[in-house]
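Colleague: Can you keep this structure in mind? I'll have questions shortly.
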Amino acid sequence: MANYLNQLLFGYYPYVALSVFLLGSLIRFDRDQYSWRSGSSQMLRRRQLVWGSNLFHVGILLLLAGHVVGLLTPHAVYTALGLTEGAKQMLAIIAGGVFGVVCFIGMTMLLYRRLFDPRIRNTGSAMDTTILLLLYAQLILGLATLPISLQHSDGSTMVILAEWAQRIVTFRGGAAELLIDAPWIFKAHILGGLTVFLLFPFSRLVHIWSAPVWYLGRKGYQIVRTR
């Protein structure tokens, strides 16, 4: 049963989540562009929004870039550059810690606005709050992995996680088996990230895809307020 559950969560679920992420984003962009918005509450507590939003966006974009590069760059590339597994892991810990704290501060400010200001809470939707809480939990899990990573300074766990991600995106078998003995907190962090991808097309996160040329040329009008 344990092996089956492991295969389900880390062998099949990634493809379900990524398929919904890609197809859902494409369908929504093609058929529902007038609802493509970030849901700004800029006119309410503007100073807190500016600080929180800037810290959140800088932190999360750098974290995303670090995850993509760290997980999907082949191991041979790092060794060719003279970077050992341990050095790569220490670099990831330092960068992830700094960017994670920046993102945590910004997201805490945004969550406080949304949860404790009735006016801001009423301008959003249940999905707005859900996706922000999910990202917050995912960020906390990511920060919680840092002390565990420091206990494995040889970088072996990072190599396993990178190999899992690379097998998933290249459709190679045996990906789930790599995570059987991985610490539970890394597994929880992976599942949280996959769930973010799953919910992405149904949330305000879709505005990430809005390059200015497409955003300005979209069809229909954006509904800002209804009577």
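Labeling convention for the structure tokens: chains A, B, ... as they appear, residues from 1 per chain, ligands from 1 in order of appearance.
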Hey, what's within 10 Å of A:Tyr112 if we count only C-alpha atoms and toss same-chain stuff fewer than 4 positions away? As a PDB file with all heavy atoms, in the first residue's frame, please?
Modeller:
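Result file is selection_29.pdb:
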```pdb
ATOM      1  N   GLN A  48       0.877  49.652   2.768  1.00  0.00           N
ATOM      2  CA  GLN A  48       1.116  48.260   3.168  1.00  0.00           C
ATOM      3  C   GLN A  48       1.123  47.339   1.960  1.00  0.00           C
ATOM      4  O   GLN A  48       1.903  46.387   1.896  1.00  0.00           O
ATOM      5  CB  GLN A  48       0.057  47.828   4.172  1.00  0.00           C
ATOM      6  CG  GLN A  48       0.360  46.494   4.852  1.00  0.00           C
ATOM      7  CD  GLN A  48      -0.698  46.121   5.861  1.00  0.00           C
ATOM      8  OE1 GLN A  48      -1.886  46.333   5.643  1.00  0.00           O
ATOM      9  NE2 GLN A  48      -0.280  45.546   6.979  1.00  0.00           N
ATOM     10  N   GLY A  52       4.302  45.027   0.892  1.00  0.00           N
ATOM     11  CA  GLY A  52       4.025  43.600   0.879  1.00  0.00           C
ATOM     12  C   GLY A  52       4.108  43.003  -0.507  1.00  0.00           C
ATOM     13  O   GLY A  52       4.702  41.935  -0.706  1.00  0.00           O
ATOM     14  N   MET A 107       4.535  38.262   2.132  1.00  0.00           N
ATOM     15  CA  MET A 107       3.297  37.506   2.132  1.00  0.00           C
ATOM     16  C   MET A 107       2.545  37.652   3.450  1.00  0.00           C
ATOM     17  O   MET A 107       1.304  37.663   3.460  1.00  0.00           O
ATOM     18  CB  MET A 107       3.584  36.031   1.838  1.00  0.00           C
ATOM     19  CG  MET A 107       2.340  35.221   1.492  1.00  0.00           C
ATOM     20  SD  MET A 107       2.715  33.512   1.023  1.00  0.00           S
ATOM     21  CE  MET A 107       3.619  33.810  -0.483  1.00  0.00           C
ATOM     22  N   THR A 108       3.275  37.785   4.549  1.00  0.00           N
ATOM     23  CA  THR A 108       2.624  38.012   5.843  1.00  0.00           C
ATOM     24  C   THR A 108       1.863  39.328   5.837  1.00  0.00           C
ATOM     25  O   THR A 108       0.727  39.417   6.333  1.00  0.00           O
ATOM     26  CB  THR A 108       3.666  38.005   6.973  1.00  0.00           C
ATOM     27  OG1 THR A 108       4.328  36.738   7.002  1.00  0.00           O
ATOM     28  CG2 THR A 108       3.002  38.258   8.322  1.00  0.00           C
ATOM     29  N   PHE A 116      -7.683  40.520   7.843  1.00  0.00           N
ATOM     30  CA  PHE A 116      -8.106  41.329   8.985  1.00  0.00           C
ATOM     31  C   PHE A 116      -8.676  42.698   8.618  1.00  0.00           C
ATOM     32  O   PHE A 116      -9.071  43.443   9.516  1.00  0.00           O
ATOM     33  CB  PHE A 116      -6.937  41.503   9.960  1.00  0.00           C
ATOM     34  CG  PHE A 116      -6.485  40.205  10.576  1.00  0.00           C
ATOM     35  CD1 PHE A 116      -5.348  39.558  10.103  1.00  0.00           C
ATOM     36  CD2 PHE A 116      -7.205  39.618  11.593  1.00  0.00           C
ATOM     37  CE1 PHE A 116      -4.937  38.364  10.653  1.00  0.00           C
ATOM     38  CE2 PHE A 116      -6.801  38.418  12.158  1.00  0.00           C
ATOM     39  CZ  PHE A 116      -5.663  37.783  11.686  1.00  0.00           C
ATOM     40  N   ASP A 117      -8.701  43.017   7.328  1.00  0.00           N
ATOM     41  CA  ASP A 117      -9.366  44.247   6.900  1.00  0.00           C
ATOM     42  C   ASP A 117     -10.661  43.861   6.185  1.00  0.00           C
ATOM     43  O   ASP A 117     -10.609  43.286   5.086  1.00  0.00           O
ATOM     44  CB  ASP A 117      -8.463  45.051   5.950  1.00  0.00           C
ATOM     45  CG  ASP A 117      -9.021  46.437   5.662  1.00  0.00           C
ATOM     46  OD1 ASP A 117     -10.246  46.541   5.395  1.00  0.00           O
ATOM     47  OD2 ASP A 117      -8.250  47.410   5.708  1.00  0.00           O
TER      48      ASP A 117
END
```
Colleague: Considering only C-alpha atoms, return as an MDAnalysis selection string whatever protein or nucleic-acid residues lie within 9 Å of stretch 184-186 of chain A, sequence-local ones (same chain, fewer than 3 positions apart) excluded.
Modeller: chainID A and resid 141:142 144:145 148 161 181 189:191
Colleague: For those residues, write C-alpha atoms to a file as a PDB file, in the first residue's frame.
Modeller:
```
ATOM      1  CA  LEU A 141       7.418  24.200   4.466  1.00  0.00           C
ATOM      2  CA  GLY A 142      10.231  25.302   2.182  1.00  0.00           C
ATOM      3  CA  ALA A 144      11.467  24.346   7.321  1.00  0.00           C
ATOM      4  CA  THR A 145      13.481  22.126   4.971  1.00  0.00           C
ATOM      5  CA  ILE A 148      17.229  19.397   7.548  1.00  0.00           C
ATOM      6  CA  LEU A 161      15.133  15.579  -5.649  1.00  0.00           C
ATOM      7  CA  ASP A 181      13.046   7.184   1.654  1.00  0.00           C
ATOM      8  CA  HIS A 189       6.779  20.506  -0.009  1.00  0.00           C
ATOM      9  CA  ILE A 190       6.630  18.741  -3.366  1.00  0.00           C
ATOM     10  CA  LEU A 191       2.932  17.926  -2.976  1.00  0.00           C
TER      11      LEU A 191
END
```
Colleague: Need to verify the contact set: A:Ile131, 10 Å, only C-alpha atoms, exclusion of same-chain residues closer than 2 positions in sequence. Can you return it as an MDAnalysis selection string?
Modeller: chainID A and resid 126:129 133:137 195:196 199:200 202:205
Colleague: Any chance you could list, as a PyMOL selection string, the residues in stretch 2-216 of chain A that come up alpha helix (DSSP H) when DSSP is run on the backbone?
Modeller: chain A and resi 2-7+13-31+46-72+75-80+85-116+118-123+126-150+156-169+184-199+212-216
Colleague: Excluding same-chain residues fewer than 4 positions from A:Pro14, what lies within 12 Å of it counting only C-alpha atoms, as a list in words?
Modeller: Asn6, Gln7, Leu8, Leu9, Phe10, Leu18, Ser19, Val20, Phe21, Trp164, Ala165, Gln166, Arg167, Ile168, Val169, Phe171, Ala175, Ala176, Ile190, Leu191, Gly192, Gly193, Leu194, Thr195, Val196, Phe197 and Leu198 of chain A
